[in-house]
>>> print(open('data-v3.txt').read())   # compact mmCIF, C-alpha atoms
# COMPACT_ATOMS: atom_id res chain seq x y z
CA MET A 1 9.06 -18.99 11.00
CA LYS A 2 7.98 -21.19 8.07
CA ARG A 3 4.76 -19.24 7.67
CA SER A 4 6.68 -15.94 7.60
CA LEU A 5 9.01 -17.28 4.91
CA TYR A 6 6.05 -18.58 2.91
CA GLY A 7 4.27 -15.21 3.13
CA THR A 8 7.43 -13.36 2.12
CA LEU A 9 7.96 -15.66 -0.86
CA MET A 10 4.38 -15.20 -2.07
CA ILE A 11 4.65 -11.41 -1.82
CA PHE A 12 7.93 -11.35 -3.77
CA ILE A 13 6.48 -13.61 -6.48
CA PHE A 14 3.44 -11.36 -6.86
CA TRP A 15 5.71 -8.29 -6.84
CA TYR A 16 7.93 -9.75 -9.58
CA ILE A 17 4.92 -10.69 -11.74
CA LEU A 18 3.56 -7.16 -11.36
CA HIS A 19 6.97 -5.75 -12.34
CA LEU A 20 7.02 -7.88 -15.49
CA LEU A 21 3.44 -7.05 -16.46
CA LEU A 22 3.63 -3.28 -15.97
CA GLN A 23 7.19 -2.74 -17.23
CA SER A 24 7.29 0.53 -15.31
CA ALA A 25 9.94 2.14 -13.13
CA VAL A 26 7.20 2.76 -10.55
CA ILE A 27 7.28 -0.98 -9.73
CA PRO A 28 11.01 -1.80 -9.61
CA ASN A 29 12.54 -5.26 -9.78
CA PRO A 30 12.31 -6.84 -6.31
CA ALA A 31 15.87 -8.19 -6.60
CA GLU A 32 17.22 -4.68 -7.25
CA THR A 33 15.14 -3.38 -4.36
CA VAL A 34 16.52 -5.99 -1.95
CA ILE A 35 20.08 -5.15 -3.00
CA SER A 36 19.35 -1.46 -2.48
CA PHE A 37 17.75 -2.21 0.89
CA ILE A 38 20.81 -4.16 2.07
CA SER A 39 23.19 -1.40 0.97
CA LEU A 40 21.09 1.36 2.57
CA LEU A 41 20.27 -0.47 5.80
CA PRO A 42 23.37 0.16 7.97
CA LYS A 43 23.82 3.91 7.57
CA VAL A 44 20.60 5.21 6.00
CA LEU A 45 17.57 3.06 6.72
CA LEU A 46 18.44 1.89 10.23
CA PRO A 47 18.37 5.40 11.79
CA HIS A 48 14.99 6.04 10.15
CA MET A 49 13.65 2.67 11.34
CA MET A 50 14.86 3.25 14.90
CA ALA A 51 13.24 6.71 14.96
CA SER A 52 9.89 5.31 13.79
CA LEU A 53 10.08 2.25 16.03
CA GLY A 54 10.92 4.39 19.05
CA ARG A 55 7.87 6.59 18.48
CA ILE A 56 5.55 3.59 18.25
CA VAL A 57 7.00 1.80 21.30
CA ILE A 58 6.81 4.91 23.49
CA ALA A 59 3.24 5.56 22.34
CA VAL A 60 2.12 1.98 23.02
CA VAL A 61 3.73 1.88 26.49
CA PHE A 62 2.20 5.26 27.33
CA SER A 63 -1.22 4.06 26.11
CA LEU A 64 -1.03 0.90 28.24
CA LEU A 65 -0.09 2.88 31.34
CA ILE A 66 -3.13 5.13 30.86
CA GLY A 67 -5.63 2.81 29.19
CA LEU A 68 -5.32 -0.22 31.48
CA PRO A 69 -6.14 1.59 34.75
CA ILE A 70 -9.05 3.48 33.16
CA GLY A 71 -10.40 0.30 31.56
CA LEU A 72 -10.10 -1.63 34.83
CA TRP A 73 -11.74 1.20 36.76
CA THR A 74 -14.70 1.52 34.40
CA GLY A 75 -15.08 -2.26 34.23
CA MET A 76 -15.09 -2.73 38.02
CA ASN A 77 -16.93 0.43 39.05
CA ASP A 78 -20.44 1.07 37.69
CA LYS A 79 -20.38 4.75 38.63
CA ALA A 80 -17.10 5.29 36.78
CA ASP A 81 -18.53 3.35 33.85
CA ARG A 82 -21.54 5.67 33.64
CA LEU A 83 -19.31 8.76 33.83
CA ILE A 84 -16.45 7.81 31.48
CA THR A 85 -17.74 5.27 28.96
CA PRO A 86 -20.20 7.64 27.17
CA VAL A 87 -17.34 10.10 26.59
CA VAL A 88 -15.08 7.30 25.31
CA TYR A 89 -17.78 6.03 22.94
CA ILE A 90 -18.23 9.51 21.45
CA LEU A 91 -14.50 10.17 20.99
CA TYR A 92 -13.49 6.66 19.90
CA PRO A 93 -14.93 6.74 16.33
CA ILE A 94 -13.45 10.16 15.51
CA PRO A 95 -10.50 9.85 13.07
CA LYS A 96 -7.66 10.98 15.34
CA ILE A 97 -5.41 11.90 12.41
CA ALA A 98 -7.50 15.07 12.10
CA PHE A 99 -5.95 16.30 15.36
CA LEU A 100 -2.37 16.28 14.02
CA PRO A 101 -2.35 20.04 13.18
CA VAL A 102 -3.70 20.84 16.65
CA LEU A 103 -1.09 18.63 18.31
CA MET A 104 1.69 20.24 16.28
CA ILE A 105 0.55 23.67 17.43
CA LEU A 106 0.33 22.55 21.07
CA PHE A 107 3.47 20.39 21.28
CA GLY A 108 5.72 21.77 18.56
CA LEU A 109 7.20 20.05 15.51
CA GLY A 110 9.30 17.32 17.14
CA ASN A 111 8.51 13.78 18.24
CA THR A 112 5.92 14.71 20.85
CA PRO A 113 2.91 15.37 18.56
CA LYS A 114 3.55 12.13 16.65
CA ILE A 115 3.79 10.09 19.85
CA VAL A 116 0.70 11.76 21.32
CA LEU A 117 -1.26 11.12 18.12
CA ILE A 118 -0.47 7.38 18.14
CA SER A 119 -1.17 7.23 21.88
CA ILE A 120 -4.62 8.75 21.37
CA ILE A 121 -5.41 6.06 18.80
CA VAL A 122 -4.14 3.12 20.86
CA VAL A 123 -5.40 4.23 24.28
CA PHE A 124 -9.08 4.17 23.28
CA GLN A 125 -8.71 0.61 21.97
CA ILE A 126 -7.08 -0.43 25.25
CA ILE A 127 -9.76 1.26 27.38
CA VAL A 128 -12.67 -0.28 25.48
CA THR A 129 -11.07 -3.74 25.33
CA THR A 130 -10.15 -3.77 29.02
CA ARG A 131 -13.51 -2.46 30.15
CA ASP A 132 -15.45 -4.99 28.05
CA GLY A 133 -13.16 -7.81 29.20
CA VAL A 134 -13.82 -7.05 32.87
CA LYS A 135 -17.57 -6.83 32.23
CA GLU A 136 -17.51 -10.29 30.61
CA LEU A 137 -16.05 -11.95 33.70
CA GLY A 138 -18.81 -13.81 35.50
CA LYS A 139 -19.55 -12.99 39.13
CA GLU A 140 -18.97 -16.63 40.06
CA TYR A 141 -15.25 -16.16 39.35
CA PHE A 142 -15.07 -13.31 41.83
CA TYR A 143 -17.06 -15.28 44.41
CA SER A 144 -14.70 -18.25 44.01
CA ALA A 145 -11.63 -16.02 44.32
CA ARG A 146 -12.99 -14.33 47.43
CA SER A 147 -13.87 -17.71 48.96
CA LEU A 148 -10.21 -18.69 48.54
CA GLY A 149 -9.22 -15.66 50.59
CA MET A 150 -7.78 -13.52 47.79
CA ASN A 151 -7.30 -9.85 48.58
CA SER A 152 -7.73 -7.08 45.98
CA ARG A 153 -4.13 -7.29 44.75
CA GLN A 154 -4.32 -11.06 44.34
CA LEU A 155 -7.66 -10.71 42.59
CA TYR A 156 -6.10 -8.52 39.91
CA GLU A 157 -2.91 -10.62 39.73
CA HIS A 158 -4.48 -14.08 39.49
CA LEU A 159 -7.92 -13.49 37.97
CA ILE A 160 -8.56 -10.19 36.21
CA LEU A 161 -5.26 -9.52 34.42
CA PRO A 162 -4.75 -13.14 33.20
CA ALA A 163 -8.32 -13.14 31.86
CA LEU A 164 -7.80 -9.80 30.12
CA MET A 165 -4.38 -10.49 28.65
CA PRO A 166 -5.59 -12.31 25.46
CA LYS A 167 -7.95 -9.43 24.70
CA ILE A 168 -5.22 -6.84 25.28
CA ILE A 169 -2.85 -8.77 22.99
CA THR A 170 -5.55 -8.81 20.29
CA ALA A 171 -6.14 -5.08 20.75
CA LEU A 172 -2.42 -4.42 20.29
CA ARG A 173 -2.37 -6.47 17.09
CA LEU A 174 -5.30 -4.49 15.72
CA THR A 175 -3.73 -1.15 16.57
CA VAL A 176 -0.23 -1.89 15.23
CA GLY A 177 -1.30 -1.56 11.59
CA THR A 178 -3.24 1.62 12.27
CA SER A 179 -0.37 3.06 14.31
CA ILE A 180 2.14 2.45 11.50
CA ALA A 181 -0.18 4.04 8.95
CA VAL A 182 -0.71 7.10 11.15
CA LEU A 183 3.02 7.32 11.87
CA PHE A 184 3.78 7.19 8.15
CA PHE A 185 1.42 10.13 7.59
CA SER A 186 2.66 12.17 10.54
CA GLU A 187 6.33 11.72 9.60
CA ASN A 188 5.69 13.69 6.42
CA PHE A 189 5.38 16.85 8.50
CA ALA A 190 8.32 18.53 10.23
CA ALA A 191 10.42 15.35 10.43
CA ARG A 192 13.98 14.63 9.41
CA TYR A 193 14.04 11.00 10.53
CA GLY A 194 11.47 8.27 10.14
CA ILE A 195 10.49 5.71 7.52
CA GLY A 196 7.54 7.83 6.40
CA TYR A 197 9.88 10.77 5.74
CA PHE A 198 12.36 8.55 3.87
CA ILE A 199 9.69 7.00 1.62
CA MET A 200 8.07 10.29 0.67
CA ASN A 201 11.45 11.98 0.16
CA SER A 202 12.51 9.16 -2.19
CA TRP A 203 9.22 9.54 -4.06
CA ALA A 204 9.76 13.30 -4.37
CA VAL A 205 13.16 12.81 -6.02
CA VAL A 206 11.73 10.03 -8.25
CA ASN A 207 13.96 7.32 -6.80
CA TYR A 208 11.50 4.43 -6.82
CA ILE A 209 14.01 1.75 -5.87
CA GLU A 210 14.87 3.60 -2.67
CA MET A 211 11.18 4.31 -2.12
CA PHE A 212 10.44 0.58 -2.23
CA SER A 213 13.46 -0.05 -0.02
CA GLY A 214 11.77 2.19 2.54
CA ILE A 215 8.48 0.33 2.09
CA LEU A 216 10.36 -2.92 2.65
CA ALA A 217 11.89 -1.48 5.82
CA LEU A 218 8.43 -0.40 6.99
CA SER A 219 7.13 -3.93 6.40
CA ILE A 220 10.00 -5.46 8.36
CA MET A 221 9.38 -3.03 11.20
CA GLY A 222 5.72 -4.04 11.30
CA LEU A 223 6.69 -7.72 11.23
CA LEU A 224 9.06 -7.21 14.16
CA LEU A 225 6.28 -5.56 16.17
CA PHE A 226 3.94 -8.47 15.46
CA LYS A 227 6.65 -10.96 16.48
CA VAL A 228 7.16 -9.09 19.76
CA ILE A 229 3.40 -9.29 20.39
CA ASP A 230 3.53 -13.03 19.60
CA ILE A 231 6.32 -13.47 22.16
CA ALA A 232 4.26 -11.58 24.75
CA GLU A 233 1.29 -13.81 23.98
CA ASN A 234 3.36 -16.98 24.40
CA ARG A 235 4.76 -15.61 27.66
CA TYR A 236 1.59 -14.31 29.30
CA CYS A 237 -1.13 -16.39 27.62
CA SER A 238 0.55 -19.79 27.55
CA TRP A 239 -2.42 -21.26 29.42
CA MET A 240 -4.59 -20.66 26.35
CA LYS A 241 -2.41 -22.85 24.13
CA ALA A 242 -2.26 -25.54 26.81
CA GLY A 243 -6.06 -25.51 27.06
CA LYS A 244 -6.46 -25.80 23.28
CA ASP A 245 -3.99 -28.72 23.17
CA ASP A 246 -5.96 -30.53 25.88
CA ILE A 247 -9.22 -30.01 23.96
CA MET A 248 -7.67 -31.31 20.72
CA ARG A 249 -6.32 -34.39 22.52
CA ASP A 250 -9.70 -35.10 24.09
CA ALA A 251 -11.40 -34.71 20.71
CA ALA A 252 -8.89 -37.09 19.10
CA TYR A 253 -9.55 -39.76 21.72
CA GLU A 254 -13.28 -39.45 21.18
>>> encode(input="data-v3.txt", output="structure tokens")
Amino acid sequence: MKRSLYGTLMIFIFWYILHLLLQSAVIPNPAETVISFISLLPKVLLPHMMASLGRIVIAVVFSLLIGLPIGLWTGMNDKADRLITPVVYILYPIPKIAFLPVLMILFGLGNTPKIVLISIIVVFQIIVTTRDGVKELGKEYFYSARSLGMNSRQLYEHLILPALMPKIITALRLTVGTSIAVLFFSENFAARYGIGYFIMNSWAVVNYIEMFSGILALSIMGLLLFKVIDIAENRYCSWMKAGKDDIMRDAAYE
């Protein structure tokens, strides 16, 4: 919490200095922007934030449901790895934003093309991360688990998924920023709700204070997503922190 407050304070100080130096309406006073943000939040900004947040959450959940099984399959099965991984490696570097017009033609002008676009971006990251994580697990771990009498379900529950969880959490952190940027772009087309639509509409009518209020809302939305990921990490990767604390204690005694 302290680090978040410190980061916020530094950003607002830099913002205010920039406002004073440029003396331009394009960079409004941060205090005026915060007041505008508070006044717009209940009835104007909140519906736009909920629309954008809903698109990202649905896309991420959809990507996990698809990407995790494919990543596990390619990581555990060499034949599947040879069949699927080359295709993934070719498609992964392609900028997916280029497919937005195609998705709008196929799925219409509503939420679906935006959700599908974000899903395409996130799912490749999940597949590659999961597959590589499984490949990095040493065979001795599987031998030990089998010697303890674990069946396939227990193997995934107690060995594979716990080992992969830190990598999946990291992949989600990396994709959140990209997903928000892509969502911002996609909400400028055939959308009536969404932070991207609100920001660009405010820019079009030359209302820079409201535009920055939308940018502030977008930043808060991104921060909330990161905090949710942090909570998931503390919940499902608590053993990592415990291990680090033990190492630090041992090092201190030495």
>>> residues_around(input="data-v3.txt", residues="region 75-84 of chain A", least_positions_apart="4", cutoff="7 Å", atoms="only C-alpha atoms", output="tab-separated table (two decimals) with C-alpha atoms, keeping the file's coordinate frame")
chain	number	residue	atom	x	y	z
A	71	GLY	CA	-10.40	0.30	31.56
A	88	VAL	CA	-15.08	7.30	25.31
A	131	ARG	CA	-13.51	-2.46	30.15
A	132	ASP	CA	-15.45	-4.99	28.05
A	134	VAL	CA	-13.82	-7.05	32.87
A	135	LYS	CA	-17.57	-6.83	32.23
>>> closest_residue(input="data-v3.txt", among="A:Met49, A:Leu91, A:Ile231, A:Ala25", to="Ile199 (chain A)", atoms="all atoms listed in the file")
A:Met49
>>> atom_distance(input="data-v3.txt", atom1="CA of Tyr16 (chain A)", atom2="CA of Pro28 (chain A)")
8.5 Å
>>> residues_around(input="data-v3.txt", residues="Leu218 (chain A)", least_positions_apart="2", cutoff="10 Å", atoms="all atoms listed in the file", output="list in words")
Leu45, His48, Met49, Ser52, Leu53, Ile180, Ala181, Phe184, Gly194, Ile195, Gly196, Ile199, Phe212, Ser213, Gly214, Ile215, Leu216, Ile220, Met221, Gly222, Leu223 and Leu224 of chain A
>>> write_last_selection(input="data-v3.txt", atoms="C-alpha atoms", output="CSV table (one decimal), in the frame of the given file")
chain,number,residue,atom,x,y,z
A,45,LEU,CA,17.6,3.1,6.7
A,48,HIS,CA,15.0,6.0,10.2
A,49,MET,CA,13.6,2.7,11.3
A,52,SER,CA,9.9,5.3,13.8
A,53,LEU,CA,10.1,2.2,16.0
A,180,ILE,CA,2.1,2.4,11.5
A,181,ALA,CA,-0.2,4.0,9.0
A,184,PHE,CA,3.8,7.2,8.2
A,194,GLY,CA,11.5,8.3,10.1
A,195,ILE,CA,10.5,5.7,7.5
A,196,GLY,CA,7.5,7.8,6.4
A,199,ILE,CA,9.7,7.0,1.6
A,212,PHE,CA,10.4,0.6,-2.2
A,213,SER,CA,13.5,0.0,0.0
A,214,GLY,CA,11.8,2.2,2.5
A,215,ILE,CA,8.5,0.3,2.1
A,216,LEU,CA,10.4,-2.9,2.6
A,220,ILE,CA,10.0,-5.5,8.4
A,221,MET,CA,9.4,-3.0,11.2
A,222,GLY,CA,5.7,-4.0,11.3
A,223,LEU,CA,6.7,-7.7,11.2
A,224,LEU,CA,9.1,-7.2,14.2
>>> axis_aligned_box(input="data-v3.txt", around="region 69-80 of chain A", padding_each_side="4 Å", output="lines of an AutoDock Vina configuration file")
center_x = -13.3
center_y = 1.3
center_z = 35.3
size_x = 22.3
size_y = 16.0
size_z = 15.5
>>> closest_residue(input="data-v3.txt", among="A:Gly67, A:Gly108, A:Pro113, A:Pro95", to="Ile168 (chain A)", atoms="only C-alpha atoms")
A:Gly67
>>> atom_distance(input="data-v3.txt", atom1="CA of Leu159 (chain A)", atom2="CA of Ile66 (chain A)")
20.5 Å
>>> residues_around(input="data-v3.txt", residues="region 5-9 of chain A", least_positions_apart="2", cutoff="12 Å", atoms="only C-alpha atoms", output="list in words")
Met1, Lys2, Arg3, Ile11, Phe12, Ile13, Phe14, Trp15, Tyr16, Pro30, Leu216, Ser219, Ile220 and Leu223 of chain A
>>> atom_distance(input="data-v3.txt", atom1="CA of Leu172 (chain A)", atom2="CA of Cys237 (chain A)")
14.1 Å
>>> closest_residue(input="data-v3.txt", among="A:Leu164, A:Leu72, A:Ile209, A:Leu183", to="Val57 (chain A)", atoms="all atoms listed in the file")
A:Leu183
>>> closest_residue(input="data-v3.txt", among="A:Leu148, A:Ala59, A:Ala171, A:Met50", to="Lys114 (chain A)", atoms="only C-alpha atoms")
A:Ala59
>>> closest_residue(input="data-v3.txt", among="A:Pro93, A:Gly54, A:Gly149, A:Pro69", to="Asn111 (chain A)", atoms="all atoms listed in the file")
A:Gly54
>>> closest_residue(input="data-v3.txt", among="A:His19, A:Arg55, A:Arg173, A:Lys43", to="Gly110 (chain A)", atoms="all atoms listed in the file")
A:Arg55
